[in-house]
Every structure is written in C-alpha cells, then in structure tokens.
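J.: Here's a structure for you.
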Amino acid sequence: LSYNNFTHIGPRAFSYLPKLRDLTLTLNKIRTIHDDAFGGLNKLNRLSLNHNELTTVPNLKGLDVGTLSLAANRIQLNRHSFENVSILSLQVDGNKITDLSPVTRLSDSLLTLLAGSNPLGNSSAADLYHLIESLPTLRDLYLVSSGLSTIPDFRILKENFDNFNLRVKDNPFECDARLAWLRNTSLAITDYESIVCASPPEHKGRLLHTIPLQDLCPGEL
C-alpha cells in the first residue's frame, strides 16, 4: 500500500484481514492514525510506516509486533509511546527524537534499536547508560549521526552477549578518556575505524583508533 498519498488511517481499517502479518504503508503522506487503526490485527508481525508525516508513535496496544519501522517521519517520543506493546525490532531513524527514554517501555522484548539521524545531542552519558541498562535483551544499537559527543562505558552490561553490535559513526565525539573503553572491548563496534573526533582541537578530524591511548588519557597511564 505504498505510494498512495494516504493522509489518515481510520479505526479498525484492516480488521477485515485478521490474519495479516505484514503491512507496508511506506511513502505515503500519513499524518494521523486512529488509536484503534490496527485493532483486530493480532497476527501482525511487521508494520512499516517509513517516509510519512507522522509526529507520534501509533497506538499498538495489545499487539506483539516483530518489526516496527517508523523511519523518516517527524516523530517525537512522549510518555505514551510504546504503551502495552511488545516489539522485537524498532526503527526510528531520521525523526525529531531528542529523548529515547520512552523506548525503555520495551524492556521485556526489544532486540534491535535503530535510532540514527535524530537530534540526540542533549542526551548525557548517564541518559544513554540508563537506556542500555533498561533494555537487557538489546543486541543491536545504531546511533549513527545523532549529535552525540560521547558514549558511556557499558561493557559490564553487554560483554556477556556473544553478538552485541554497536554503530556510532558520524557523531561529533569529544575524544578523551571517556571514549578510551572503545579501544578495549569485545563488543562489536562495526564502524569503529570510521569514528572521527570533533574535539578537543588537538584531535579534531583524527580517527579515534589512530590516537595513542596516552593522548586520550593524559596523566592517567
């Protein structure tokens, strides 16, 4: 149902398809979705609403969704986002999200979080640590191009995972002792060798992995 210029989804719009498992509504102009739009879709496994004009997360209360894709909208999260829903993989890249804390509602289910290209620059290291700590099943975290200046050391939370993956390139990182842990971890940081420093001035423009550890942690070694 892509490319149809839909702007609104009404109540129980797909209830005549109770066995529907995959619903793709990408590349429309959807702005509003009724709270009961997906009522009756108890077998829905994948819902894709990428490239629309949504400003909030649709109401999926009571559903058990494998993949929810909401990339390239205008979404901001709020305290009602993700109420009473189970999601394994969440894609919210390219929205207007400044705070990821509502995602912690998915603590019992979430395996993959793709949240790159959002304005997360005001998220502190403590905020990010709490997010990861609150998602014990999380195995894939993508925060590319999100305005982050640092990433907290969360090895104690995830190093027992055989296949935890982190992607954080294209952020304005301040390359100092707080990032030194990235050089000594068993976590899979798939874009580690592409991480470029934005500050301090002596490291600006340099690849993090090329900076000697003693320069990241002067006086600490």
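Quick note on naming: the chains in the structure tokens go A, B, ... in the order shown, residues restart at 1 in each chain, and ligands are numbered from 1 in order of appearance.
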I'd like the contact shell of stretch 76-90 of chain A - 10 Å cut-off, only C-alpha atoms, skipping same-chain residues fewer than 5 positions apart - returned as number ranges by chain.
T.: A: 45-46, 54-71, 95-115, 118, 137-138, 140
J.: Write the residues of the preceding selection, restricted to C-alpha atoms, as a tab-separated table (two decimals), in the first residue's frame.
T.:
chain	number	residue	atom	x	y	z
A	45	ASN	CA	4.37	-9.26	12.69
A	46	ARG	CA	5.74	-6.40	10.61
A	54	LEU	CA	3.78	11.18	11.47
A	55	THR	CA	4.61	13.18	14.59
A	56	THR	CA	3.79	10.50	17.18
A	57	VAL	CA	4.14	6.73	17.50
A	58	PRO	CA	0.92	4.94	16.51
A	59	ASN	CA	-1.10	3.18	19.19
A	60	LEU	CA	-0.33	-0.54	19.06
A	61	LYS	CA	-1.67	-1.52	22.48
A	62	GLY	CA	-2.04	-5.23	22.97
A	63	LEU	CA	-0.07	-6.19	19.86
A	64	ASP	CA	3.05	-8.35	19.66
A	65	VAL	CA	4.99	-6.91	16.71
A	66	GLY	CA	8.22	-8.34	15.35
A	67	THR	CA	9.35	-5.22	13.47
A	68	LEU	CA	8.04	-1.66	13.67
A	69	SER	CA	9.57	0.70	11.09
A	70	LEU	CA	8.93	4.43	11.53
A	71	ALA	CA	12.00	5.91	9.82
A	95	ASN	CA	12.93	11.63	13.02
A	96	LYS	CA	12.91	14.51	15.52
A	97	ILE	CA	13.56	12.43	18.62
A	98	THR	CA	15.54	14.22	21.35
A	99	ASP	CA	14.93	11.72	24.17
A	100	LEU	CA	14.97	7.93	23.82
A	101	SER	CA	13.84	7.17	27.38
A	102	PRO	CA	10.27	6.14	26.33
A	103	VAL	CA	11.87	3.20	24.50
A	104	THR	CA	12.60	1.65	27.90
A	105	ARG	CA	8.93	0.58	27.96
A	106	LEU	CA	10.09	-2.19	25.60
A	107	SER	CA	12.47	-3.63	28.20
A	108	ASP	CA	10.97	-7.12	28.01
A	109	SER	CA	11.24	-7.56	24.25
A	110	LEU	CA	13.49	-5.19	22.28
A	111	LEU	CA	16.42	-6.80	20.44
A	112	THR	CA	17.25	-4.11	17.86
A	113	LEU	CA	17.08	-0.31	18.09
A	114	LEU	CA	17.87	1.76	15.01
A	115	ALA	CA	17.74	5.39	16.10
A	118	ASN	CA	17.93	12.04	15.36
A	137	THR	CA	17.66	-8.08	25.73
A	138	LEU	CA	19.07	-5.44	23.33
A	140	ASP	CA	21.85	-4.17	18.15
J.: Write down as a VMD selection string the residues belonging to stretch 88-143 of chain A that are assigned strand (DSSP E) by DSSP computed on the backbone.
T.: chain A and resid 88 to 91 112 to 114 140 to 142
J.: Can those selected residues be exported to a file as an mmCIF file, in the first residue's frame so that it contains N, CA and C atoms?
T.:
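out.cif was written with the following content:
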data_model
loop_
_atom_site.group_PDB
_atom_site.id
_atom_site.type_symbol
_atom_site.label_atom_id
_atom_site.label_comp_id
_atom_site.auth_asym_id
_atom_site.auth_seq_id
_atom_site.Cartn_x
_atom_site.Cartn_y
_atom_site.Cartn_z
ATOM 1 N N LEU A 88 10.139 -6.428 18.846
ATOM 2 C CA LEU A 88 11.482 -7.013 18.804
ATOM 3 C C LEU A 88 12.487 -6.074 18.143
ATOM 4 N N SER A 89 12.086 -5.443 17.039
ATOM 5 C CA SER A 89 12.986 -4.571 16.283
ATOM 6 C C SER A 89 12.287 -3.244 16.012
ATOM 7 N N LEU A 90 12.923 -2.143 16.437
ATOM 8 C CA LEU A 90 12.339 -0.813 16.292
ATOM 9 C C LEU A 90 13.255 0.059 15.450
ATOM 10 N N GLN A 91 12.701 0.618 14.382
ATOM 11 C CA GLN A 91 13.454 1.513 13.508
ATOM 12 C C GLN A 91 12.822 2.897 13.564
ATOM 13 N N THR A 112 16.566 -5.018 18.786
ATOM 14 C CA THR A 112 17.255 -4.115 17.863
ATOM 15 C C THR A 112 16.647 -2.721 17.939
ATOM 16 N N LEU A 113 17.514 -1.707 18.090
ATOM 17 C CA LEU A 113 17.079 -0.313 18.090
ATOM 18 C C LEU A 113 17.906 0.463 17.077
ATOM 19 N N LEU A 114 17.242 0.929 16.025
ATOM 20 C CA LEU A 114 17.874 1.758 15.007
ATOM 21 C C LEU A 114 17.359 3.176 15.193
ATOM 22 N N ASP A 140 21.395 -5.049 19.226
ATOM 23 C CA ASP A 140 21.849 -4.168 18.150
ATOM 24 C C ASP A 140 21.417 -2.747 18.464
ATOM 25 N N LEU A 141 22.383 -1.820 18.506
ATOM 26 C CA LEU A 141 22.097 -0.422 18.798
ATOM 27 C C LEU A 141 22.796 0.449 17.767
ATOM 28 N N TYR A 142 22.013 1.188 16.985
ATOM 29 C CA TYR A 142 22.558 2.056 15.939
ATOM 30 C C TYR A 142 22.212 3.500 16.279
#
J.: Which residue gives the smallest distance to A:His130 among A:Gly40, A:Pro152, A:Pro18, A:Pro212, with only C-alpha atoms counted?
T.: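 Distance minimum relative to A:His130 lands on A:Pro152.
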J.: Pick from A:Ser15, A:Leu143, A:Ile75, A:Arg178: nearest to A:Pro218, with only C-alpha atoms counted?
T.: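 Of A:Ser15, A:Leu143, A:Ile75, A:Arg178, the one nearest A:Pro218, counting only C-alpha atoms, is A:Arg178.
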J.: What gap, in Å, lies between atom CA of A:Ala13 and atom CA of A:Gly39?
T.: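 Separating atom CA of A:Ala13 from atom CA of A:Gly39 is a distance of 7.9 Å.
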J.: Please give the complete set of residues from stretch 79-217 of chain A that DSSP, run on the backbone, assigns to helix (DSSP H, G or I), formatted as number ranges by chain.
T.: A: 101-106, 125-133, 155-158, 177-183, 192-194, 208-210, 213-216
J.: As an MDAnalysis selection string, please: the residues near A:Glu193 (cut-off 12 Å, only C-alpha atoms, same-chain neighbours under 2 positions excluded).
T.: chainID A and resid 167:170 182:183 188:191 195:197 206:211
J.: Write the selection just made, keeping N, CA and C atoms, as a PDB file, in the first residue's frame?
T.:
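The result, stored in out_12.pdb:
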ATOM      1  N   ARG A 167      26.786   0.733  16.475  1.00  0.00           N
ATOM      2  CA  ARG A 167      27.227   1.604  15.379  1.00  0.00           C
ATOM      3  C   ARG A 167      27.028   3.047  15.811  1.00  0.00           C
ATOM      4  N   VAL A 168      28.111   3.823  15.803  1.00  0.00           N
ATOM      5  CA  VAL A 168      28.033   5.196  16.323  1.00  0.00           C
ATOM      6  C   VAL A 168      28.842   6.199  15.494  1.00  0.00           C
ATOM      7  N   LYS A 169      29.176   5.879  14.263  1.00  0.00           N
ATOM      8  CA  LYS A 169      29.995   6.811  13.481  1.00  0.00           C
ATOM      9  C   LYS A 169      29.203   8.082  13.147  1.00  0.00           C
ATOM     10  N   ASP A 170      29.929   9.068  12.636  1.00  0.00           N
ATOM     11  CA  ASP A 170      29.352  10.342  12.200  1.00  0.00           C
ATOM     12  C   ASP A 170      28.671  11.101  13.334  1.00  0.00           C
ATOM     13  N   LEU A 182      36.369   2.186  24.194  1.00  0.00           N
ATOM     14  CA  LEU A 182      36.059   1.658  22.863  1.00  0.00           C
ATOM     15  C   LEU A 182      37.246   0.915  22.259  1.00  0.00           C
ATOM     16  N   ARG A 183      38.444   1.183  22.783  1.00  0.00           N
ATOM     17  CA  ARG A 183      39.649   0.548  22.254  1.00  0.00           C
ATOM     18  C   ARG A 183      39.940  -0.787  22.920  1.00  0.00           C
ATOM     19  N   ALA A 188      31.126  -5.740  19.462  1.00  0.00           N
ATOM     20  CA  ALA A 188      31.334  -5.497  18.035  1.00  0.00           C
ATOM     21  C   ALA A 188      30.912  -4.071  17.699  1.00  0.00           C
ATOM     22  N   ILE A 189      31.902  -3.210  17.507  1.00  0.00           N
ATOM     23  CA  ILE A 189      31.626  -1.835  17.085  1.00  0.00           C
ATOM     24  C   ILE A 189      31.955  -1.792  15.600  1.00  0.00           C
ATOM     25  N   THR A 190      30.946  -2.012  14.783  1.00  0.00           N
ATOM     26  CA  THR A 190      31.178  -2.316  13.372  1.00  0.00           C
ATOM     27  C   THR A 190      31.790  -1.162  12.597  1.00  0.00           C
ATOM     28  N   ASP A 191      31.639   0.063  13.090  1.00  0.00           N
ATOM     29  CA  ASP A 191      32.206   1.208  12.374  1.00  0.00           C
ATOM     30  C   ASP A 191      33.314   1.882  13.184  1.00  0.00           C
ATOM     31  N   ILE A 195      35.225   6.142  13.174  1.00  0.00           N
ATOM     32  CA  ILE A 195      34.854   7.171  14.149  1.00  0.00           C
ATOM     33  C   ILE A 195      35.871   8.307  14.105  1.00  0.00           C
ATOM     34  N   VAL A 196      35.380   9.517  13.824  1.00  0.00           N
ATOM     35  CA  VAL A 196      36.228  10.701  13.691  1.00  0.00           C
ATOM     36  C   VAL A 196      35.967  11.643  14.861  1.00  0.00           C
ATOM     37  N   CYS A 197      37.018  12.242  15.381  1.00  0.00           N
ATOM     38  CA  CYS A 197      36.900  13.155  16.514  1.00  0.00           C
ATOM     39  C   CYS A 197      36.498  14.557  16.048  1.00  0.00           C
ATOM     40  N   ARG A 206      40.749  13.683  13.472  1.00  0.00           N
ATOM     41  CA  ARG A 206      41.523  12.441  13.520  1.00  0.00           C
ATOM     42  C   ARG A 206      40.607  11.247  13.758  1.00  0.00           C
ATOM     43  N   LEU A 207      41.023  10.106  13.245  1.00  0.00           N
ATOM     44  CA  LEU A 207      40.307   8.867  13.520  1.00  0.00           C
ATOM     45  C   LEU A 207      40.624   8.417  14.940  1.00  0.00           C
ATOM     46  N   LEU A 208      39.603   8.084  15.691  1.00  0.00           N
ATOM     47  CA  LEU A 208      39.792   7.708  17.090  1.00  0.00           C
ATOM     48  C   LEU A 208      40.801   6.582  17.248  1.00  0.00           C
ATOM     49  N   HIS A 209      40.730   5.582  16.376  1.00  0.00           N
ATOM     50  CA  HIS A 209      41.578   4.407  16.567  1.00  0.00           C
ATOM     51  C   HIS A 209      43.057   4.687  16.311  1.00  0.00           C
ATOM     52  N   THR A 210      43.377   5.850  15.733  1.00  0.00           N
ATOM     53  CA  THR A 210      44.781   6.182  15.469  1.00  0.00           C
ATOM     54  C   THR A 210      45.419   6.994  16.597  1.00  0.00           C
ATOM     55  N   ILE A 211      44.632   7.411  17.560  1.00  0.00           N
ATOM     56  CA  ILE A 211      45.155   8.253  18.638  1.00  0.00           C
ATOM     57  C   ILE A 211      45.735   7.374  19.743  1.00  0.00           C
TER      58      ILE A 211
END
J.: Could you check which of A:Ile132, A:Leu47, A:Ala180, A:Leu25 is closest to A:His8, using only C-alpha atoms?
T.: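 Among A:Ile132, A:Leu47, A:Ala180, A:Leu25, it is A:Leu25 that comes nearest to A:His8.
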J.: Which one of A:Glu174, A:Leu216, A:Ser186, A:Asn52 sits closest to A:Pro201 if you count only C-alpha atoms?
T.: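 Ranking A:Glu174, A:Leu216, A:Ser186, A:Asn52 by distance to A:Pro201, first place goes to A:Glu174.
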